[in-house]
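J.: Supplied in structure tokens, the structure appears directly below.
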Protein chains: 2
Amino acid sequence: MSKEQRLKDFLLSGDQTYLPHVSIDCVIFGFHENQLKVLLLRWKERGKWCLPGGFVKRKESVDESAIRTLRERTGLDNIFLKQFHTFGDPDREKGKLPFKLMGARKTWISERFITVGYWALVEFSKVAPQPDWLSTECQWCDIHKVPKLIYDHNAIILKALETLRVSLNEQPVGYSLLPEKFTMPELQRLYETILDKPLDRRNFQKKMLAMDILERLKERKLGGAHKAPYLYKFDKRKYQKAMRWGLKAGF
Amino acid sequence: MSKEQRLKDFLLSGDQTYLPHVSIDCVIFGFHENQLKVLLLRWKERGKWCLPGGFVKRKESVDESAIRTLRERTGLDNIFLKQFHTFGDPDREKGKLPFKLMGARKTWISERFITVGYWALVEFSKVAPQPDWLSTECQWCDIHKVPKLIYDHNAIILKALETLRVSLNEQPVGYSLLPEKFTMPELQRLYETILDKPLDRRNFQKKMLAMDILERLKERKLGGAHKAPYLYKFDKRKYQKAMRWGLKAGF
């Protein structure tokens, strides 16, 4: 099937495969060398940037559709996606235009969609995102330099960022983002990057240790002119418990 | 229009007014005399208990639909509803039967729905819920005695409760649930009820004061045999800031 025929089928009768009115969008945060980035696609149809998103198959759960969509649209697999908010404003797709192929014809795709937002945090050097047949580019973008995206996608990123920041207080973050052994300053820089503000060294250490999810190793980090800092690793069992039940530091 | 005609119209052509495939459900927690309850409706059609829920009008936001639905179905108004999770399992409406009026006929209402969950916490003596034309009863039910509800509504309550508990660590709760002036033991009992576990008195007081949202009054509570406890009230400005930005106790 040609790409054009494939797109035409999708636009005309995609609702045989997908639920109308419901979409998903993924905010994939990447962390690398103390920078926070977000993954964007450039949409072939309009040349504009957007979040990787898609639709829910009629026999698939919304969570499954998010995982599948991310894989199909960017090549990213095995990413732990977390649902954070559903965006249901009737004007959220302001400026929505019919696909060029469709002319003025109205189908399921021109109707109103509410979208379920998912976020994930990945070590971006470990993944090599690829654009799909609907996109010309797939790129990491510095969180401070996100361009004007389609629809309400800028607002979706802001809400995801807010959720990520709040979640630092209730669940540990970092297991998949740091090397197996790391120092307290390395962990602090991860938190500072996400929160986008400097943290007090002593308070940070005190709070992290109070979470009771770190194990201090006997080794110290080698190299460097100063006193070698201790290495830590996550206590996997306690970490997983905290991811499920929240942090000890709570009530 | 007779009730039967009204229901028939809704079942046959409700999708002219409402978006298909999307519903909302509200988990209204009530707090009274140290008991946590949840508001349930008994569904006329099947005699079974369910959460107050409804559909999204084609020109209305999902948030607005939740507020309207709650008002229409229970008479409750001016309640601050918070979206917490969207439930999108394809089997979530297991056991869904056609309405008796419809026989075997399939319409928009027999299709798959994903539902957006909202929760709220209210002082239940302040509200007098009333069942609507689709329900025979509207009652508060002890959180420990919730019967088997339709579809995945029991799971929706569990998820809402989990969210409420986690949110205690990130945002203050209680402004609308306590009298203007209250004692630390009264506030502690509210938290203990929500968390369903006893809390250490000294730790609780320390954590609450660290949130920096309470103002200690010069008055003390009168009556009682023991030393009169101090009265507190919420610092409204700081409280609202914390509701928006999270608690100081975080990173």
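Residue numbers start at 1 in each chain; chains themselves are named A, B, ... in the order of the structure tokens; ligands are numbered from 1 in the order shown.
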Find the residues in chain A near chain B: any atom within 10 Å counts, using only C-alpha atoms. Write them as a ChimeraX atom specification.
T.: /A:19-22,56-65,83-92,111-114,116-117,162,165-171,191-192,195,199-200,203-204,207-208,245-247,249-251
J.: Which residues are near Leu36 in chain A? Cut-off 8 Å, only C-alpha atoms, ignore same chain within fewer than 5 positions. Put them as a list in words.
T.: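 Final neighbour list, sorted by chain and number: Phe29, Gly30, Phe31, Asp142, Ile143, Thr193 and Ile194 of chain A.
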J.: Which of range 3-202 of chain A end up as alpha helix (DSSP H) when DSSP is run on this backbone - answer as number ranges by chain?
T.: A: 3-13, 62-74, 153-167, 184-195, 201-202
J.: Output the coordinates of chain A after least-squares fitting to chain B on all in-order C-alpha pairs, as a PDB file with C-alpha atoms, in the first residue's frame.
T.:
ATOM      1  CA  MET A   1     -42.046  14.510  28.247  1.00  0.00           C
ATOM      2  CA  SER A   2     -42.614  11.322  30.208  1.00  0.00           C
ATOM      3  CA  LYS A   3     -39.703   9.765  32.080  1.00  0.00           C
ATOM      4  CA  GLU A   4     -39.829   6.786  29.782  1.00  0.00           C
ATOM      5  CA  GLN A   5     -39.728   8.946  26.641  1.00  0.00           C
ATOM      6  CA  ARG A   6     -36.884  10.966  28.118  1.00  0.00           C
ATOM      7  CA  LEU A   7     -34.847   7.814  28.797  1.00  0.00           C
ATOM      8  CA  LYS A   8     -35.625   6.445  25.337  1.00  0.00           C
ATOM      9  CA  ASP A   9     -34.436   9.649  23.660  1.00  0.00           C
ATOM     10  CA  PHE A  10     -31.281   9.549  25.743  1.00  0.00           C
ATOM     11  CA  LEU A  11     -30.528   5.937  24.854  1.00  0.00           C
ATOM     12  CA  LEU A  12     -31.304   6.273  21.154  1.00  0.00           C
ATOM     13  CA  SER A  13     -29.863   9.651  20.302  1.00  0.00           C
ATOM     14  CA  GLY A  14     -27.936  10.916  23.326  1.00  0.00           C
ATOM     15  CA  ASP A  15     -24.840  11.049  21.121  1.00  0.00           C
ATOM     16  CA  GLN A  16     -26.285  14.130  19.440  1.00  0.00           C
ATOM     17  CA  THR A  17     -25.802  15.875  22.778  1.00  0.00           C
ATOM     18  CA  TYR A  18     -22.904  13.916  24.292  1.00  0.00           C
ATOM     19  CA  LEU A  19     -19.522  12.656  23.060  1.00  0.00           C
ATOM     20  CA  PRO A  20     -19.575   8.893  22.558  1.00  0.00           C
ATOM     21  CA  HIS A  21     -16.966   6.674  24.300  1.00  0.00           C
ATOM     22  CA  VAL A  22     -16.181   9.174  27.089  1.00  0.00           C
ATOM     23  CA  SER A  23     -17.773   9.294  30.534  1.00  0.00           C
ATOM     24  CA  ILE A  24     -16.915  10.788  33.920  1.00  0.00           C
ATOM     25  CA  ASP A  25     -17.267   9.336  37.420  1.00  0.00           C
ATOM     26  CA  CYS A  26     -17.101  11.162  40.743  1.00  0.00           C
ATOM     27  CA  VAL A  27     -15.747   9.795  44.014  1.00  0.00           C
ATOM     28  CA  ILE A  28     -17.133  12.110  46.704  1.00  0.00           C
ATOM     29  CA  PHE A  29     -15.544  11.455  50.079  1.00  0.00           C
ATOM     30  CA  GLY A  30     -17.454  12.708  53.090  1.00  0.00           C
ATOM     31  CA  PHE A  31     -15.862  13.345  56.472  1.00  0.00           C
ATOM     32  CA  HIS A  32     -17.950  13.495  59.606  1.00  0.00           C
ATOM     33  CA  GLU A  33     -17.269  12.617  63.231  1.00  0.00           C
ATOM     34  CA  ASN A  34     -14.006  10.923  62.345  1.00  0.00           C
ATOM     35  CA  GLN A  35     -15.522   8.701  59.698  1.00  0.00           C
ATOM     36  CA  LEU A  36     -14.700   8.598  56.018  1.00  0.00           C
ATOM     37  CA  LYS A  37     -17.625   7.842  53.692  1.00  0.00           C
ATOM     38  CA  VAL A  38     -18.230   7.768  49.979  1.00  0.00           C
ATOM     39  CA  LEU A  39     -21.336   8.879  48.095  1.00  0.00           C
ATOM     40  CA  LEU A  40     -23.170   6.178  46.125  1.00  0.00           C
ATOM     41  CA  LEU A  41     -26.253   6.081  43.926  1.00  0.00           C
ATOM     42  CA  ARG A  42     -28.559   3.120  43.459  1.00  0.00           C
ATOM     43  CA  TRP A  43     -29.212   2.801  39.759  1.00  0.00           C
ATOM     44  CA  LYS A  44     -32.917   2.475  39.000  1.00  0.00           C
ATOM     45  CA  GLU A  45     -32.383   0.323  35.920  1.00  0.00           C
ATOM     46  CA  ARG A  46     -30.569  -2.541  37.652  1.00  0.00           C
ATOM     47  CA  GLY A  47     -30.978  -1.931  41.361  1.00  0.00           C
ATOM     48  CA  LYS A  48     -27.189  -1.896  41.725  1.00  0.00           C
ATOM     49  CA  TRP A  49     -25.015   0.679  43.448  1.00  0.00           C
ATOM     50  CA  CYS A  50     -22.653   2.894  41.477  1.00  0.00           C
ATOM     51  CA  LEU A  51     -20.684   6.134  41.570  1.00  0.00           C
ATOM     52  CA  PRO A  52     -22.396   9.342  40.435  1.00  0.00           C
ATOM     53  CA  GLY A  53     -21.325   9.632  36.821  1.00  0.00           C
ATOM     54  CA  GLY A  54     -22.346  10.933  33.432  1.00  0.00           C
ATOM     55  CA  PHE A  55     -21.330  12.100  30.006  1.00  0.00           C
ATOM     56  CA  VAL A  56     -19.573  15.015  28.331  1.00  0.00           C
ATOM     57  CA  LYS A  57     -21.647  17.421  26.269  1.00  0.00           C
ATOM     58  CA  ARG A  58     -20.237  18.085  22.839  1.00  0.00           C
ATOM     59  CA  LYS A  59     -19.396  21.727  23.610  1.00  0.00           C
ATOM     60  CA  GLU A  60     -18.451  21.351  27.262  1.00  0.00           C
ATOM     61  CA  SER A  61     -15.071  20.655  28.858  1.00  0.00           C
ATOM     62  CA  VAL A  62     -14.589  17.351  30.654  1.00  0.00           C
ATOM     63  CA  ASP A  63     -14.121  19.246  33.954  1.00  0.00           C
ATOM     64  CA  GLU A  64     -17.391  21.140  33.434  1.00  0.00           C
ATOM     65  CA  SER A  65     -19.204  17.905  32.684  1.00  0.00           C
ATOM     66  CA  ALA A  66     -18.078  16.468  36.036  1.00  0.00           C
ATOM     67  CA  ILE A  67     -19.407  19.475  37.960  1.00  0.00           C
ATOM     68  CA  ARG A  68     -22.695  19.470  36.037  1.00  0.00           C
ATOM     69  CA  THR A  69     -23.162  15.729  36.387  1.00  0.00           C
ATOM     70  CA  LEU A  70     -22.605  15.788  40.121  1.00  0.00           C
ATOM     71  CA  ARG A  71     -25.146  18.609  40.467  1.00  0.00           C
ATOM     72  CA  GLU A  72     -27.741  16.912  38.260  1.00  0.00           C
ATOM     73  CA  ARG A  73     -27.375  13.442  39.762  1.00  0.00           C
ATOM     74  CA  THR A  74     -27.054  14.274  43.459  1.00  0.00           C
ATOM     75  CA  GLY A  75     -28.066  17.909  43.928  1.00  0.00           C
ATOM     76  CA  LEU A  76     -24.545  18.703  45.198  1.00  0.00           C
ATOM     77  CA  ASP A  77     -23.224  22.030  43.983  1.00  0.00           C
ATOM     78  CA  ASN A  78     -20.117  24.166  44.445  1.00  0.00           C
ATOM     79  CA  ILE A  79     -17.891  21.185  45.106  1.00  0.00           C
ATOM     80  CA  PHE A  80     -14.242  21.411  44.163  1.00  0.00           C
ATOM     81  CA  LEU A  81     -13.673  18.327  42.017  1.00  0.00           C
ATOM     82  CA  LYS A  82     -10.186  17.179  41.146  1.00  0.00           C
ATOM     83  CA  GLN A  83      -9.404  14.928  38.211  1.00  0.00           C
ATOM     84  CA  PHE A  84      -7.252  12.007  39.332  1.00  0.00           C
ATOM     85  CA  HIS A  85      -7.146   9.228  36.721  1.00  0.00           C
ATOM     86  CA  THR A  86      -8.661   8.004  33.462  1.00  0.00           C
ATOM     87  CA  PHE A  87      -9.790   4.384  33.368  1.00  0.00           C
ATOM     88  CA  GLY A  88      -9.370   2.903  29.918  1.00  0.00           C
ATOM     89  CA  ASP A  89      -9.420  -0.876  30.190  1.00  0.00           C
ATOM     90  CA  PRO A  90     -11.485  -2.418  27.351  1.00  0.00           C
ATOM     91  CA  ASP A  91     -13.101  -4.806  29.876  1.00  0.00           C
ATOM     92  CA  ARG A  92     -13.876  -2.207  32.518  1.00  0.00           C
ATOM     93  CA  GLU A  93     -17.635  -2.392  31.910  1.00  0.00           C
ATOM     94  CA  LYS A  94     -17.728  -6.163  32.233  1.00  0.00           C
ATOM     95  CA  GLY A  95     -21.296  -7.371  32.645  1.00  0.00           C
ATOM     96  CA  LYS A  96     -22.716  -4.323  30.877  1.00  0.00           C
ATOM     97  CA  LEU A  97     -26.263  -5.122  29.783  1.00  0.00           C
ATOM     98  CA  PRO A  98     -28.489  -3.298  27.333  1.00  0.00           C
ATOM     99  CA  PHE A  99     -31.090  -1.087  29.032  1.00  0.00           C
ATOM    100  CA  LYS A 100     -34.414  -2.935  29.386  1.00  0.00           C
ATOM    101  CA  LEU A 101     -36.123  -0.361  27.190  1.00  0.00           C
ATOM    102  CA  MET A 102     -33.706  -1.080  24.365  1.00  0.00           C
ATOM    103  CA  GLY A 103     -33.955  -4.830  24.104  1.00  0.00           C
ATOM    104  CA  ALA A 104     -31.111  -6.095  21.956  1.00  0.00           C
ATOM    105  CA  ARG A 105     -30.790  -2.829  20.057  1.00  0.00           C
ATOM    106  CA  LYS A 106     -27.272  -1.356  20.025  1.00  0.00           C
ATOM    107  CA  THR A 107     -26.723   2.382  20.257  1.00  0.00           C
ATOM    108  CA  TRP A 108     -23.961   4.733  21.412  1.00  0.00           C
ATOM    109  CA  ILE A 109     -24.659   3.743  25.031  1.00  0.00           C
ATOM    110  CA  SER A 110     -23.861   0.070  24.453  1.00  0.00           C
ATOM    111  CA  GLU A 111     -20.406   0.915  23.091  1.00  0.00           C
ATOM    112  CA  ARG A 112     -17.154   0.980  25.036  1.00  0.00           C
ATOM    113  CA  PHE A 113     -16.556   3.967  27.340  1.00  0.00           C
ATOM    114  CA  ILE A 114     -13.394   5.220  28.924  1.00  0.00           C
ATOM    115  CA  THR A 115     -14.105   7.190  32.084  1.00  0.00           C
ATOM    116  CA  VAL A 116     -12.351  10.177  33.639  1.00  0.00           C
ATOM    117  CA  GLY A 117     -12.327   9.974  37.458  1.00  0.00           C
ATOM    118  CA  TYR A 118     -12.785  12.991  39.747  1.00  0.00           C
ATOM    119  CA  TRP A 119     -12.622  13.129  43.508  1.00  0.00           C
ATOM    120  CA  ALA A 120     -13.677  15.604  46.187  1.00  0.00           C
ATOM    121  CA  LEU A 121     -13.657  15.742  49.946  1.00  0.00           C
ATOM    122  CA  VAL A 122     -16.621  17.414  51.679  1.00  0.00           C
ATOM    123  CA  GLU A 123     -18.014  17.899  55.180  1.00  0.00           C
ATOM    124  CA  PHE A 124     -20.977  15.650  54.699  1.00  0.00           C
ATOM    125  CA  SER A 125     -23.287  17.262  57.219  1.00  0.00           C
ATOM    126  CA  LYS A 126     -23.213  20.390  55.032  1.00  0.00           C
ATOM    127  CA  VAL A 127     -24.697  18.672  51.978  1.00  0.00           C
ATOM    128  CA  ALA A 128     -28.018  16.909  51.420  1.00  0.00           C
ATOM    129  CA  PRO A 129     -27.651  14.645  48.388  1.00  0.00           C
ATOM    130  CA  GLN A 130     -30.795  13.721  46.426  1.00  0.00           C
ATOM    131  CA  PRO A 131     -31.197  10.946  43.863  1.00  0.00           C
ATOM    132  CA  ASP A 132     -32.119  11.964  40.317  1.00  0.00           C
ATOM    133  CA  TRP A 133     -34.498  10.437  37.757  1.00  0.00           C
ATOM    134  CA  LEU A 134     -32.065   7.613  36.966  1.00  0.00           C
ATOM    135  CA  SER A 135     -31.578   6.609  40.616  1.00  0.00           C
ATOM    136  CA  THR A 136     -33.743   5.397  43.471  1.00  0.00           C
ATOM    137  CA  GLU A 137     -31.325   6.227  46.289  1.00  0.00           C
ATOM    138  CA  CYS A 138     -28.334   8.452  46.984  1.00  0.00           C
ATOM    139  CA  GLN A 139     -26.461   7.580  50.167  1.00  0.00           C
ATOM    140  CA  TRP A 140     -23.233   7.951  52.072  1.00  0.00           C
ATOM    141  CA  CYS A 141     -21.530   4.630  52.611  1.00  0.00           C
ATOM    142  CA  ASP A 142     -18.798   3.862  55.142  1.00  0.00           C
ATOM    143  CA  ILE A 143     -15.522   3.448  53.233  1.00  0.00           C
ATOM    144  CA  HIS A 144     -15.045   0.053  54.897  1.00  0.00           C
ATOM    145  CA  LYS A 145     -18.497  -1.184  53.880  1.00  0.00           C
ATOM    146  CA  VAL A 146     -18.751  -0.385  50.178  1.00  0.00           C
ATOM    147  CA  PRO A 147     -20.779  -3.133  48.435  1.00  0.00           C
ATOM    148  CA  LYS A 148     -19.928  -4.646  45.039  1.00  0.00           C
ATOM    149  CA  LEU A 149     -20.543  -1.798  42.600  1.00  0.00           C
ATOM    150  CA  ILE A 150     -21.155  -1.919  38.830  1.00  0.00           C
ATOM    151  CA  TYR A 151     -18.238  -2.190  36.355  1.00  0.00           C
ATOM    152  CA  ASP A 152     -14.861  -1.123  37.774  1.00  0.00           C
ATOM    153  CA  HIS A 153     -16.345   1.370  40.263  1.00  0.00           C
ATOM    154  CA  ASN A 154     -14.808  -0.381  43.297  1.00  0.00           C
ATOM    155  CA  ALA A 155     -11.373  -0.072  41.690  1.00  0.00           C
ATOM    156  CA  ILE A 156     -12.075   3.598  40.915  1.00  0.00           C
ATOM    157  CA  ILE A 157     -12.762   4.255  44.626  1.00  0.00           C
ATOM    158  CA  LEU A 158      -9.530   2.476  45.626  1.00  0.00           C
ATOM    159  CA  LYS A 159      -7.515   4.545  43.188  1.00  0.00           C
ATOM    160  CA  ALA A 160      -9.164   7.764  44.417  1.00  0.00           C
ATOM    161  CA  LEU A 161      -8.353   6.824  48.014  1.00  0.00           C
ATOM    162  CA  GLU A 162      -4.724   6.143  47.075  1.00  0.00           C
ATOM    163  CA  THR A 163      -4.567   9.558  45.381  1.00  0.00           C
ATOM    164  CA  LEU A 164      -6.153  11.286  48.369  1.00  0.00           C
ATOM    165  CA  ARG A 165      -3.598   9.703  50.710  1.00  0.00           C
ATOM    166  CA  VAL A 166      -0.613  10.594  48.569  1.00  0.00           C
ATOM    167  CA  SER A 167      -1.925  14.129  48.174  1.00  0.00           C
ATOM    168  CA  LEU A 168      -1.729  14.646  51.945  1.00  0.00           C
ATOM    169  CA  ASN A 169       2.034  14.737  51.521  1.00  0.00           C
ATOM    170  CA  GLU A 170       2.033  17.318  48.786  1.00  0.00           C
ATOM    171  CA  GLN A 171      -0.924  19.558  49.499  1.00  0.00           C
ATOM    172  CA  PRO A 172      -2.770  20.548  52.653  1.00  0.00           C
ATOM    173  CA  VAL A 173      -6.236  19.128  53.118  1.00  0.00           C
ATOM    174  CA  GLY A 174      -8.776  20.270  55.614  1.00  0.00           C
ATOM    175  CA  TYR A 175      -9.702  23.863  54.978  1.00  0.00           C
ATOM    176  CA  SER A 176     -13.290  23.024  54.061  1.00  0.00           C
ATOM    177  CA  LEU A 177     -13.558  20.071  56.445  1.00  0.00           C
ATOM    178  CA  LEU A 178     -12.862  21.631  59.817  1.00  0.00           C
ATOM    179  CA  PRO A 179     -14.440  24.525  61.703  1.00  0.00           C
ATOM    180  CA  GLU A 180     -12.623  27.834  61.289  1.00  0.00           C
ATOM    181  CA  LYS A 181     -10.740  27.314  64.566  1.00  0.00           C
ATOM    182  CA  PHE A 182      -9.598  23.836  65.522  1.00  0.00           C
ATOM    183  CA  THR A 183      -7.129  22.087  67.779  1.00  0.00           C
ATOM    184  CA  MET A 184      -4.128  20.026  66.715  1.00  0.00           C
ATOM    185  CA  PRO A 185      -5.792  16.782  67.929  1.00  0.00           C
ATOM    186  CA  GLU A 186      -8.834  17.541  65.744  1.00  0.00           C
ATOM    187  CA  LEU A 187      -6.621  18.039  62.702  1.00  0.00           C
ATOM    188  CA  GLN A 188      -4.717  14.850  63.543  1.00  0.00           C
ATOM    189  CA  ARG A 189      -7.957  12.861  63.671  1.00  0.00           C
ATOM    190  CA  LEU A 190      -8.843  14.076  60.172  1.00  0.00           C
ATOM    191  CA  TYR A 191      -5.482  12.841  58.851  1.00  0.00           C
ATOM    192  CA  GLU A 192      -5.773   9.563  60.770  1.00  0.00           C
ATOM    193  CA  THR A 193      -9.209   8.938  59.284  1.00  0.00           C
ATOM    194  CA  ILE A 194      -8.043   9.541  55.740  1.00  0.00           C
ATOM    195  CA  LEU A 195      -4.870   7.483  56.173  1.00  0.00           C
ATOM    196  CA  ASP A 196      -6.736   4.856  58.175  1.00  0.00           C
ATOM    197  CA  LYS A 197      -3.897   4.504  60.672  1.00  0.00           C
ATOM    198  CA  PRO A 198      -2.830   6.083  63.980  1.00  0.00           C
ATOM    199  CA  LEU A 199      -0.161   8.801  63.818  1.00  0.00           C
ATOM    200  CA  ASP A 200       2.387   9.797  66.406  1.00  0.00           C
ATOM    201  CA  ARG A 201       1.206  13.000  68.124  1.00  0.00           C
ATOM    202  CA  ARG A 202       4.580  14.757  68.266  1.00  0.00           C
ATOM    203  CA  ASN A 203       5.656  13.878  64.732  1.00  0.00           C
ATOM    204  CA  PHE A 204       2.285  14.947  63.387  1.00  0.00           C
ATOM    205  CA  GLN A 205       2.490  18.332  65.117  1.00  0.00           C
ATOM    206  CA  LYS A 206       6.060  18.830  63.913  1.00  0.00           C
ATOM    207  CA  LYS A 207       5.175  18.019  60.292  1.00  0.00           C
ATOM    208  CA  MET A 208       2.036  20.167  60.262  1.00  0.00           C
ATOM    209  CA  LEU A 209       3.903  23.158  61.673  1.00  0.00           C
ATOM    210  CA  ALA A 210       6.748  22.631  59.174  1.00  0.00           C
ATOM    211  CA  MET A 211       4.193  23.073  56.384  1.00  0.00           C
ATOM    212  CA  ASP A 212       3.904  26.684  57.522  1.00  0.00           C
ATOM    213  CA  ILE A 213       0.213  27.043  56.753  1.00  0.00           C
ATOM    214  CA  LEU A 214      -1.227  27.197  60.293  1.00  0.00           C
ATOM    215  CA  GLU A 215      -1.594  30.173  62.552  1.00  0.00           C
ATOM    216  CA  ARG A 216      -1.691  29.534  66.305  1.00  0.00           C
ATOM    217  CA  LEU A 217      -4.276  31.698  68.024  1.00  0.00           C
ATOM    218  CA  LYS A 218      -3.975  33.224  71.464  1.00  0.00           C
ATOM    219  CA  GLU A 219      -7.235  31.600  72.576  1.00  0.00           C
ATOM    220  CA  ARG A 220      -7.348  28.070  73.856  1.00  0.00           C
ATOM    221  CA  LYS A 221     -10.192  25.609  73.545  1.00  0.00           C
ATOM    222  CA  LEU A 222     -12.486  25.842  76.552  1.00  0.00           C
ATOM    223  CA  GLY A 223     -14.092  22.930  78.412  1.00  0.00           C
ATOM    224  CA  GLY A 224     -12.630  19.523  79.107  1.00  0.00           C
ATOM    225  CA  ALA A 225     -10.811  18.290  82.159  1.00  0.00           C
ATOM    226  CA  HIS A 226      -7.256  18.553  80.858  1.00  0.00           C
ATOM    227  CA  LYS A 227      -5.090  21.503  80.047  1.00  0.00           C
ATOM    228  CA  ALA A 228      -6.930  23.458  77.343  1.00  0.00           C
ATOM    229  CA  PRO A 229      -5.299  22.869  73.904  1.00  0.00           C
ATOM    230  CA  TYR A 230      -4.337  25.765  71.650  1.00  0.00           C
ATOM    231  CA  LEU A 231      -6.617  26.691  68.798  1.00  0.00           C
ATOM    232  CA  TYR A 232      -5.262  27.017  65.269  1.00  0.00           C
ATOM    233  CA  LYS A 233      -6.591  28.338  62.017  1.00  0.00           C
ATOM    234  CA  PHE A 234      -5.319  28.091  58.465  1.00  0.00           C
ATOM    235  CA  ASP A 235      -3.391  31.062  57.139  1.00  0.00           C
ATOM    236  CA  LYS A 236      -5.586  31.443  54.072  1.00  0.00           C
ATOM    237  CA  ARG A 237      -2.932  33.079  51.890  1.00  0.00           C
ATOM    238  CA  LYS A 238      -0.262  30.495  52.683  1.00  0.00           C
ATOM    239  CA  TYR A 239      -2.800  27.682  52.425  1.00  0.00           C
ATOM    240  CA  GLN A 240      -3.848  28.726  48.934  1.00  0.00           C
ATOM    241  CA  LYS A 241      -0.221  29.095  47.868  1.00  0.00           C
ATOM    242  CA  ALA A 242       0.489  25.580  49.128  1.00  0.00           C
ATOM    243  CA  MET A 243      -2.564  24.190  47.305  1.00  0.00           C
ATOM    244  CA  ARG A 244      -1.155  25.685  44.116  1.00  0.00           C
ATOM    245  CA  TRP A 245       2.567  25.068  44.540  1.00  0.00           C
ATOM    246  CA  GLY A 246       2.847  22.195  46.965  1.00  0.00           C
ATOM    247  CA  LEU A 247       4.145  22.201  50.494  1.00  0.00           C
ATOM    248  CA  LYS A 248       7.283  23.834  51.788  1.00  0.00           C
ATOM    249  CA  ALA A 249       8.236  20.528  53.357  1.00  0.00           C
ATOM    250  CA  GLY A 250       9.093  19.253  49.848  1.00  0.00           C
ATOM    251  CA  PHE A 251      12.403  19.771  48.118  1.00  0.00           C
TER     252      PHE A 251
END
J.: Let's see if you can do this: from backbone DSSP, list all strand (DSSP E or B) residues in range 35-201 of chain A, as a ChimeraX atom specification.
T.: /A:35-43,49-50,53-57,82-87,114-123,135-142,182-183
